[in-house]
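**Student:** Dropping the structure in here first, questions after.
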Amino acid sequence: MVSSSIPSLAAVLSASPYLMTVAASIDSRSLIMQSTSSRHASLSFLPTNFPSHRSFRESSRASRPIAYPTRQRPSHATKPTDDNDDEPTTVTTQQELLQTLDSKFDYRGRISSKLSAASSTIPHRCALVTILGRPNMGKSTLLNALLSDDLAIATSRPQTTRHSILGVITSTHSQICLTDTPGIIEKTAYRLQQGMMEAVRAAMRDADVFLIVTDASSSSSDDDPSLGLGEPVVAELQRRRKPVLVCVNKIDLASSDETAHTVRKWRDLLPEAVAIVPACAARGPNDAGVVALRSVLLANDPDADVAAAMRGLGRPVSGMFRGGRMMMDGEEAREMLPVGPPLYGADFFTDRTDRFCASELIRETLFERLGKELPYCCEVRIETFDESKRYSEEGDCGSDDGGQRNKSMIRIGAVILVERDSQKGIV
């Protein structure tokens, strides 16, 4: 008696076109899950004759159930009968299937799907860029300039960087993951340098693009055929066959002839390098060379003009671009970056914590204040990091009440480690 008062599922669906759409969406979601395998022979099991909005209203007035198309079993769920079957198979990607299903749901009042915006003609590109170079070449300074923020510490002394530091640039159609590495040391003297070189090798294994940083003064010697990178690193670059960018840094300290000579030497060493760009990272994000490198890395964005950025460098030097060309276009720069989804969120900046950044700032001060070999004998360890008074009680940084905020305070307790007791007094 109770069951007789409950309307049938077909009657409920026919009475409401929106319930009908929900049911069709659930049905199509199951089809998307089944379409990930590429072994199905055809797409005949997909619903292709969904009723329009007018037929929904007509069926509702007639109070009759709507006939669904019969869904056949997909071919990847059936056992193959013959390996010599000559029937052609249709391979459809998940994106194409989503577009097909999205086109079937067309009725008045439907909210626009996000699929149309996501499936634009510009594919998203994501690249892991590893920054390599000898010590004191300005790798960390270049990283900060490309990020337009001070992430890595940079001093005038070599071997300041001891860890691999990740900095991420995210735009609408691209995500560039820059990894700063310690300076390359061909012959390590102690365990700390061995650990630093292991960080360099680990960063090289994951790289999609290599960004080599050098300067004119260090590349002027003809005694080293590897130009300071070391024969193992050069051999690894040639073996991996990944795109290579070279930044000739510190051009403010060299003449134009020295810069041109350095560009030619690096072109002879790496003839397949995409571009060799002179720059001065110490000038900041607005330096012409930094702007050119950022334009190349973000060439997938519609507003990026690689050719204009390269013209901003002035008269091109012979050897700047591969193949003897005197200019680089955006298409060549885009092909350098692999197609793929972003690895991190839009607001992600670095994988390092606030504790690590605090320890690096203290170590930077040690490098600037202490002399000789003492900074290389020190390490900083953060023991306490109190953020309880980071924001005032009157309002936080996200409050909209217009309340005034007191000066924030973070209490940091750090320990400076040295090698010998006699160095404590000096520190």
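Here's how to read the names in the structure tokens: chain A, B, ... by the order shown, residue numbers from 1 in each chain, ligand numbers from 1 in the order shown.
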Would you please give, as a ChimeraX atom specification, all residues of range 120-299 of chain A that DSSP assigns to alpha helix (DSSP H) based on the backbone?
**Tutor:** /A:139-147,191-205,231-240,256-269,288-297
**Student:** Got a sec: who's within 12 Å of Gln423 in chain A, counting only C-alpha atoms, leaving out chain neighbours fewer than 6 positions off, as a VMD selection string?
**Tutor:** chain A and resid 370 to 371 373 to 378 416 to 417
**Student:** Just to be explicit: take each residue in the selection above, keep N, CA, C and O atoms, and write the result as a CSV table (one decimal), in the first residue's frame.
**Tutor:**
```csv
chain,number,residue,atom,x,y,z
A,370,LEU,N,81.6,38.1,8.6
A,370,LEU,CA,82.8,37.3,9.0
A,370,LEU,C,83.8,37.2,7.8
A,370,LEU,O,83.4,37.3,6.7
A,371,GLY,N,85.1,37.1,8.1
A,371,GLY,CA,86.1,37.0,7.1
A,371,GLY,C,86.7,35.7,6.9
A,371,GLY,O,86.5,34.8,7.8
A,373,GLU,N,87.9,32.1,6.1
A,373,GLU,CA,87.2,30.8,6.0
A,373,GLU,C,86.1,30.6,7.0
A,373,GLU,O,85.4,29.5,7.0
A,374,LEU,N,85.9,31.5,7.9
A,374,LEU,CA,85.0,31.3,9.1
A,374,LEU,C,83.5,31.0,8.6
A,374,LEU,O,82.9,30.2,9.2
A,375,PRO,N,83.0,31.8,7.7
A,375,PRO,CA,81.6,31.5,7.3
A,375,PRO,C,81.4,30.1,6.8
A,375,PRO,O,80.3,29.6,6.9
A,376,TYR,N,82.4,29.5,6.2
A,376,TYR,CA,82.2,28.2,5.6
A,376,TYR,C,82.3,27.1,6.7
A,376,TYR,O,82.0,26.0,6.5
A,377,CYS,N,82.7,27.5,7.9
A,377,CYS,CA,82.7,26.6,9.1
A,377,CYS,C,81.4,26.8,9.9
A,377,CYS,O,81.4,26.1,11.0
A,378,CYS,N,80.5,27.5,9.5
A,378,CYS,CA,79.3,27.8,10.3
A,378,CYS,C,78.0,27.2,9.7
A,378,CYS,O,77.9,27.1,8.5
A,416,ILE,N,74.0,28.9,16.2
A,416,ILE,CA,75.0,29.0,15.2
A,416,ILE,C,76.1,27.9,15.6
A,416,ILE,O,76.7,28.0,16.7
A,417,LEU,N,76.3,27.0,14.7
A,417,LEU,CA,77.2,25.9,15.0
A,417,LEU,C,78.5,26.2,14.3
A,417,LEU,O,78.6,26.6,13.1
```
**Student:** Return the single residue from A:Arg381, A:Asn300, A:Leu211, A:Pro232 that is closest to Glu335 in chain A, with distances computed using only C-alpha atoms.
**Tutor:**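 That would be A:Asn300, the residue with the smallest distance to Glu335 in chain A.
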**Student:** Got a sec: who's within 8 Å of Pro182 in chain A, counting only C-alpha atoms, leaving out chain neighbours fewer than 2 positions off, as a ChimeraX atom specification?
**Tutor:** /A:132,135,159-164,180,184,196-197,199-200
**Student:** Dump as a tab-separated table the rows for residues of range 197-270 of chain A within 10 Å of range 289-296 of chain A: closest atom pair and distance in Å with one decimal, only C-alpha atoms counted, ordered by chain and rising residue number.
**Tutor:**
```
residue	atom	partner	partner_atom	distance
A:Leu211	CA	A:Leu293	CA	9.6
A:Leu245	CA	A:Leu293	CA	8.5
A:Val246	CA	A:Leu293	CA	9.5
A:Cys247	CA	A:Gly289	CA	8.1
A:Val248	CA	A:Gly289	CA	9.0
A:Asn249	CA	A:Gly289	CA	8.7
A:Ile251	CA	A:Gly289	CA	9.8
```
**Student:** What's around Val263 in chain A at 12 Å? Count only C-alpha atoms, leave out sequence neighbours fewer than 6 positions away in its own chain, and write the answer as a ChimeraX atom specification.
**Tutor:** /A:213-217,219-220,227,245-249,251,256-257,269-271,273,275-279,316-322
**Student:** For Glu360 in chain A, work out the shell of residues within 8 Å, counting only C-alpha atoms and skipping chain neighbours fewer than 5 positions away, then give it as a list in words.
**Tutor:**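 In the requested format, the answer is Ala152, Ile153 and Val380 of chain A.
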**Student:** Could you name the residues that touch Cys177 in chain A at 6 Å or less, counting only C-alpha atoms, but leaving out those on the same chain fewer than 5 positions away, as a PyMOL selection string?
**Tutor:** chain A and resi 128-129+167-168
**Student:** For all heavy atoms, I'd like the residues from the last selection saved as a PDB file, in the first residue's frame.
**Tutor:**
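Saved the output as again16.pdb:
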```
ATOM      1  N   LEU A 128      60.445  21.964 -15.567  1.00  0.00           N
ATOM      2  CA  LEU A 128      61.376  21.993 -14.442  1.00  0.00           C
ATOM      3  C   LEU A 128      62.705  22.518 -14.967  1.00  0.00           C
ATOM      4  O   LEU A 128      63.369  21.857 -15.777  1.00  0.00           O
ATOM      5  CB  LEU A 128      61.547  20.594 -13.843  1.00  0.00           C
ATOM      6  CG  LEU A 128      60.284  19.925 -13.308  1.00  0.00           C
ATOM      7  CD1 LEU A 128      60.592  18.503 -12.848  1.00  0.00           C
ATOM      8  CD2 LEU A 128      59.686  20.720 -12.165  1.00  0.00           C
ATOM      9  N   VAL A 129      63.093  23.700 -14.531  1.00  0.00           N
ATOM     10  CA  VAL A 129      64.292  24.379 -15.017  1.00  0.00           C
ATOM     11  C   VAL A 129      65.344  24.325 -13.918  1.00  0.00           C
ATOM     12  O   VAL A 129      65.121  24.837 -12.813  1.00  0.00           O
ATOM     13  CB  VAL A 129      63.993  25.829 -15.415  1.00  0.00           C
ATOM     14  CG1 VAL A 129      65.242  26.507 -15.953  1.00  0.00           C
ATOM     15  CG2 VAL A 129      62.878  25.875 -16.457  1.00  0.00           C
ATOM     16  N   GLY A 167      61.833  27.707  -6.765  1.00  0.00           N
ATOM     17  CA  GLY A 167      60.990  28.888  -6.915  1.00  0.00           C
ATOM     18  C   GLY A 167      60.087  28.716  -8.120  1.00  0.00           C
ATOM     19  O   GLY A 167      60.557  28.311  -9.196  1.00  0.00           O
ATOM     20  N   VAL A 168      58.800  28.998  -7.981  1.00  0.00           N
ATOM     21  CA  VAL A 168      57.809  28.684  -9.005  1.00  0.00           C
ATOM     22  C   VAL A 168      57.214  29.972  -9.559  1.00  0.00           C
ATOM     23  O   VAL A 168      56.826  30.874  -8.798  1.00  0.00           O
ATOM     24  CB  VAL A 168      56.689  27.793  -8.436  1.00  0.00           C
ATOM     25  CG1 VAL A 168      55.648  27.474  -9.505  1.00  0.00           C
ATOM     26  CG2 VAL A 168      57.281  26.499  -7.888  1.00  0.00           C
TER      27      VAL A 168
END
```
**Student:** May I have the residues within 10 Å of Met204 in chain A as a list in words, using only C-alpha atoms and disregarding those fewer than 3 positions away in the same chain?
**Tutor:**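 Final neighbour list, sorted by chain and number: Leu128, Val129, Thr130, Ile131, Leu132, Thr179, Thr181, Glu198, Ala199, Val200, Arg201, Ala207, Asp208, Val209, Phe210, Val233, Glu236, Leu237 and Arg240 of chain A.
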**Student:** Running DSSP on the backbone, which parts of range 122-255 of chain A land in strand (DSSP E or B), as a VMD selection string?
**Tutor:** chain A and resid 125 to 132 165 to 170 174 to 180 209 to 215 244 to 249
**Student:** Since we have the selection now, will you write its residues out, keeping C-alpha atoms, as a PDB file, in the first residue's frame?
**Tutor:**
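Output saved as again.pdb:
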```
ATOM      1  CA  ARG A 125      53.019  23.851 -20.410  1.00  0.00           C
ATOM      2  CA  CYS A 126      55.023  23.054 -17.295  1.00  0.00           C
ATOM      3  CA  ALA A 127      58.814  22.811 -17.117  1.00  0.00           C
ATOM      4  CA  LEU A 128      61.376  21.993 -14.442  1.00  0.00           C
ATOM      5  CA  VAL A 129      64.292  24.379 -15.017  1.00  0.00           C
ATOM      6  CA  THR A 130      67.579  23.604 -13.267  1.00  0.00           C
ATOM      7  CA  ILE A 131      70.051  26.475 -12.832  1.00  0.00           C
ATOM      8  CA  LEU A 132      73.671  25.326 -13.136  1.00  0.00           C
ATOM      9  CA  ILE A 165      65.954  25.897  -3.631  1.00  0.00           C
ATOM     10  CA  LEU A 166      62.745  25.768  -5.670  1.00  0.00           C
ATOM     11  CA  GLY A 167      60.990  28.888  -6.915  1.00  0.00           C
ATOM     12  CA  VAL A 168      57.809  28.684  -9.005  1.00  0.00           C
ATOM     13  CA  ILE A 169      56.479  31.136 -11.606  1.00  0.00           C
ATOM     14  CA  THR A 170      52.806  30.486 -12.448  1.00  0.00           C
ATOM     15  CA  SER A 174      52.505  28.097 -18.005  1.00  0.00           C
ATOM     16  CA  GLN A 175      54.241  27.056 -14.820  1.00  0.00           C
ATOM     17  CA  ILE A 176      58.028  27.323 -14.573  1.00  0.00           C
ATOM     18  CA  CYS A 177      59.688  25.552 -11.637  1.00  0.00           C
ATOM     19  CA  LEU A 178      63.156  27.060 -11.168  1.00  0.00           C
ATOM     20  CA  THR A 179      65.680  25.157  -9.041  1.00  0.00           C
ATOM     21  CA  ASP A 180      68.747  26.996  -7.769  1.00  0.00           C
ATOM     22  CA  VAL A 209      65.390  22.613 -19.276  1.00  0.00           C
ATOM     23  CA  PHE A 210      68.896  23.596 -18.183  1.00  0.00           C
ATOM     24  CA  LEU A 211      69.769  27.226 -17.480  1.00  0.00           C
ATOM     25  CA  ILE A 212      73.555  27.651 -17.284  1.00  0.00           C
ATOM     26  CA  VAL A 213      74.872  30.828 -15.655  1.00  0.00           C
ATOM     27  CA  THR A 214      78.370  32.093 -16.391  1.00  0.00           C
ATOM     28  CA  ASP A 215      80.193  35.398 -16.763  1.00  0.00           C
ATOM     29  CA  VAL A 244      69.768  24.439 -22.773  1.00  0.00           C
ATOM     30  CA  LEU A 245      69.745  28.184 -22.115  1.00  0.00           C
ATOM     31  CA  VAL A 246      72.967  30.039 -21.286  1.00  0.00           C
ATOM     32  CA  CYS A 247      73.019  33.325 -19.375  1.00  0.00           C
ATOM     33  CA  VAL A 248      76.234  35.346 -19.610  1.00  0.00           C
ATOM     34  CA  ASN A 249      75.882  37.274 -16.363  1.00  0.00           C
TER      35      ASN A 249
END
```
